[in-house]
There are 2 protein chains.
Amino acid sequence: MPHNATPLHAIPVVTVSAGLRAGELSGNAPTLLREIAEMLRRLLATDAGSAIDLQALPLTPADLIWLRARLGEGEVAVTLNADGDSSLNETACPGVWWVTHRNPQGAVVSEFIEVAYVPDVVRAPREDVVIGLESLESLSAELS
Amino acid sequence: MPHNATPLHAIPVVTVSAGLRAGELSGNAPTLLREIAEMLRRLLATDAGSAIDLQALPLTPADLIWLRARLGEGEVAVTLNADGDSSLNETACPGVWWVTHRNPQGAVVSEFIEVAYVPDVVRAPREDVVIGLESLESLSAELS
């Protein structure tokens, strides 16, 4: 999970009017593109990744489709199978990842844009590598 | 592609006898497990990743099946779609990735074991992030 989320109040979006339908653009998506650019500048300057929780913002389904089309498709896709599937798809904008978490029944439970050289979940934690090495050493000892 | 391959002469395998069939174990796979453990120790000590080219070693198909079963399946899988598909599957041993590159016709062209916190190809290169940011800024300027 992204550990360094951009504070939502920092993104100057307007509230989606109650009358707006799913197929209509709220006008907030271009603001989000500018926010992503700012997140990329921060990544380049400080190596710090960050993420936007798309469900916490006043975006319509049409906004998400518009945004995804503008960001495009990249070459790298990551799937994570742990208590439901997650997909992390690199966009055509390197360093910008579209992240979707699903529950074991396949329903989307959260959706993020993560800005990072590598999404957090892909990195093997050092402590896990230590434990895995111990298992491998035990296995090698049994075999010899 | 892994940039830091283990020199093959450093892995003390024996030559597969000409009479060995595809379904037979050559006896080399346990040696490879010990080599992978050594690569993990190096990763933990120096952060340096490394890789073994499985096609450059005297391994039978049965050896590869045996090895893959011993390493197990992890939670993370990466696909890379660029001039043929590549898959990078984390094994149950964190930091050990089974990497398969295919040509556009789907045939396996190379197979590696990569030892790294994150496989090289997943990381967005900094220079690509700079170029992507410029595109995003142009797009934002057009929209405003």
# chains A, B, ... in the order shown; residues from 1 in each chain; ligands from 1
>>> calpha_fit_rmsd(fixed="chain B", moving="chain A")
0.0 Å
>>> residues_around(residues="region 92-100 of chain A", least_positions_apart="6", cutoff="10 Å", atoms="only C-alpha atoms", output="ChimeraX atom specification")
/A:1-2,36-37,39-40,43-44,49-54,68-79,85-86,107-119 /B:123-136
>>> closest_residue(among="B:Asp83, B:Asp47, B:Glu38, B:Glu24", to="Ala62 (chain B)", atoms="only C-alpha atoms")
B:Glu24
>>> residues_around(residues="region 32-34 of chain B", least_positions_apart="5", cutoff="8 Å", atoms="only C-alpha atoms", output="PyMOL selection string")
(chain A and resi 136-137+140) or (chain B and resi 11+67)
>>> write_last_selection(atoms="C-alpha atoms", output="PDB file, in the first residue's frame")
ATOM      1  CA  LEU A 136      17.014 -22.131   1.194  1.00  0.00           C
ATOM      2  CA  GLU A 137      20.014 -22.922   3.378  1.00  0.00           C
ATOM      3  CA  SER A 140      20.363 -27.200   0.706  1.00  0.00           C
TER       4      SER A 140
ATOM      5  CA  ILE B  11      29.203 -22.230 -10.728  1.00  0.00           C
ATOM      6  CA  LEU B  67      14.359 -26.178  -9.334  1.00  0.00           C
TER       7      LEU B  67
END
>>> select_by_dssp(residues="chain B", states="strand (DSSP E or B)", output="VMD selection string")
chain B and resid 5 50 to 53 76 to 81 85 to 90 96 to 102 108 to 115
>>> atom_distance(atom1="CA of Pro61 (chain A)", atom2="CA of Ala82 (chain B)")
29.8 Å
>>> atom_distance(atom1="CA of Arg42 (chain A)", atom2="CA of Val122 (chain A)")
20.8 Å
>>> atom_distance(atom1="CA of Leu143 (chain B)", atom2="CA of Pro30 (chain A)")
7.2 Å
>>> closest_residue(among="A:Asn103, A:Ala56, A:Thr31, A:Trp66", to="chain B", atoms="only C-alpha atoms")
A:Thr31
>>> closest_residue(among="A:Ile65, A:Leu80, A:Asn28, A:Gly23", to="Arg102 (chain A)", atoms="only C-alpha atoms")
A:Leu80
>>> closest_residue(among="A:Asn81, A:Thr91, A:Gln55, A:Ser26", to="chain B", atoms="only C-alpha atoms")
A:Asn81
>>> decode(residues="region 66-104 of chain B", atoms="N, CA and C atoms", output="compact mmCIF listing (two decimals), in the first residue's frame")
# COMPACT_ATOMS: atom_id res chain seq x y z
N TRP B 66 12.39 -29.33 -11.33
CA TRP B 66 12.77 -29.59 -9.95
C TRP B 66 13.11 -28.27 -9.22
N LEU B 67 13.90 -27.44 -9.92
CA LEU B 67 14.36 -26.18 -9.33
C LEU B 67 13.18 -25.24 -9.06
N ARG B 68 12.30 -25.16 -10.04
CA ARG B 68 11.16 -24.26 -9.91
C ARG B 68 10.25 -24.71 -8.76
N ALA B 69 10.08 -26.02 -8.62
CA ALA B 69 9.25 -26.54 -7.52
C ALA B 69 9.89 -26.24 -6.17
N ARG B 70 11.22 -26.36 -6.08
CA ARG B 70 11.90 -26.09 -4.81
C ARG B 70 11.81 -24.61 -4.44
N LEU B 71 11.90 -23.73 -5.45
CA LEU B 71 11.85 -22.29 -5.18
C LEU B 71 10.41 -21.83 -4.89
N GLY B 72 9.43 -22.54 -5.41
CA GLY B 72 8.02 -22.22 -5.13
C GLY B 72 7.52 -20.96 -5.83
N GLU B 73 6.28 -20.62 -5.54
CA GLU B 73 5.62 -19.48 -6.16
C GLU B 73 5.44 -18.35 -5.16
N GLY B 74 5.78 -17.13 -5.55
CA GLY B 74 5.56 -15.98 -4.69
C GLY B 74 4.27 -15.26 -5.03
N GLU B 75 4.09 -14.09 -4.46
CA GLU B 75 2.84 -13.35 -4.65
C GLU B 75 2.89 -12.36 -5.81
N VAL B 76 4.11 -11.97 -6.21
CA VAL B 76 4.24 -10.89 -7.19
C VAL B 76 4.64 -11.46 -8.55
N ALA B 77 3.93 -11.02 -9.59
CA ALA B 77 4.29 -11.39 -10.96
C ALA B 77 4.33 -10.13 -11.81
N VAL B 78 5.37 -10.02 -12.62
CA VAL B 78 5.52 -8.84 -13.47
C VAL B 78 5.48 -9.30 -14.92
N THR B 79 4.73 -8.59 -15.76
CA THR B 79 4.84 -8.85 -17.19
C THR B 79 5.33 -7.57 -17.86
N LEU B 80 6.15 -7.80 -18.87
CA LEU B 80 6.73 -6.68 -19.61
C LEU B 80 6.44 -6.94 -21.07
N ASN B 81 5.75 -6.01 -21.70
CA ASN B 81 5.38 -6.19 -23.09
C ASN B 81 6.21 -5.27 -23.96
N ALA B 82 7.30 -5.79 -24.48
CA ALA B 82 8.18 -4.97 -25.32
C ALA B 82 8.92 -5.91 -26.25
N ASP B 83 8.52 -5.91 -27.53
CA ASP B 83 9.17 -6.78 -28.52
C ASP B 83 9.15 -8.24 -28.03
N GLY B 84 7.96 -8.71 -27.75
CA GLY B 84 7.79 -10.03 -27.12
C GLY B 84 7.52 -9.84 -25.64
N ASP B 85 6.85 -10.81 -25.03
CA ASP B 85 6.51 -10.69 -23.61
C ASP B 85 7.61 -11.26 -22.72
N SER B 86 7.82 -10.62 -21.61
CA SER B 86 8.68 -11.20 -20.59
C SER B 86 7.85 -11.36 -19.33
N SER B 87 8.14 -12.42 -18.58
CA SER B 87 7.48 -12.56 -17.28
C SER B 87 8.56 -12.67 -16.22
N LEU B 88 8.31 -12.03 -15.10
CA LEU B 88 9.23 -12.06 -13.98
C LEU B 88 8.40 -12.46 -12.77
N ASN B 89 8.52 -13.70 -12.38
CA ASN B 89 7.70 -14.22 -11.28
C ASN B 89 8.53 -14.35 -10.02
N GLU B 90 8.06 -13.70 -8.98
CA GLU B 90 8.75 -13.86 -7.71
C GLU B 90 8.54 -15.28 -7.23
N THR B 91 9.57 -15.90 -6.72
CA THR B 91 9.44 -17.23 -6.15
C THR B 91 9.02 -17.08 -4.68
N ALA B 92 8.78 -18.21 -4.04
CA ALA B 92 8.42 -18.17 -2.62
C ALA B 92 9.60 -17.71 -1.77
N CYS B 93 10.74 -17.60 -2.39
CA CYS B 93 11.96 -17.12 -1.74
C CYS B 93 12.12 -15.64 -2.12
N PRO B 94 11.72 -14.73 -1.24
CA PRO B 94 11.69 -13.32 -1.63
C PRO B 94 13.07 -12.83 -2.13
N GLY B 95 13.06 -12.08 -3.20
CA GLY B 95 14.30 -11.59 -3.79
C GLY B 95 14.81 -12.50 -4.90
N VAL B 96 14.20 -13.68 -5.07
CA VAL B 96 14.58 -14.59 -6.16
C VAL B 96 13.45 -14.59 -7.19
N TRP B 97 13.78 -14.18 -8.41
CA TRP B 97 12.80 -14.01 -9.49
C TRP B 97 13.12 -14.98 -10.62
N TRP B 98 12.08 -15.63 -11.14
CA TRP B 98 12.24 -16.51 -12.29
C TRP B 98 11.82 -15.69 -13.52
N VAL B 99 12.76 -15.45 -14.41
CA VAL B 99 12.56 -14.51 -15.52
C VAL B 99 12.55 -15.27 -16.85
N THR B 100 11.49 -15.09 -17.63
CA THR B 100 11.39 -15.74 -18.93
C THR B 100 11.15 -14.68 -20.01
N HIS B 101 12.02 -14.65 -21.01
CA HIS B 101 11.82 -13.72 -22.13
C HIS B 101 11.34 -14.52 -23.34
N ARG B 102 10.32 -14.00 -24.01
CA ARG B 102 9.77 -14.66 -25.20
C ARG B 102 9.89 -13.74 -26.41
N ASN B 103 9.99 -14.31 -27.59
CA ASN B 103 9.99 -13.50 -28.81
C ASN B 103 8.54 -13.17 -29.19
N PRO B 104 8.34 -12.30 -30.20
CA PRO B 104 6.96 -11.92 -30.55
C PRO B 104 6.08 -13.12 -30.93
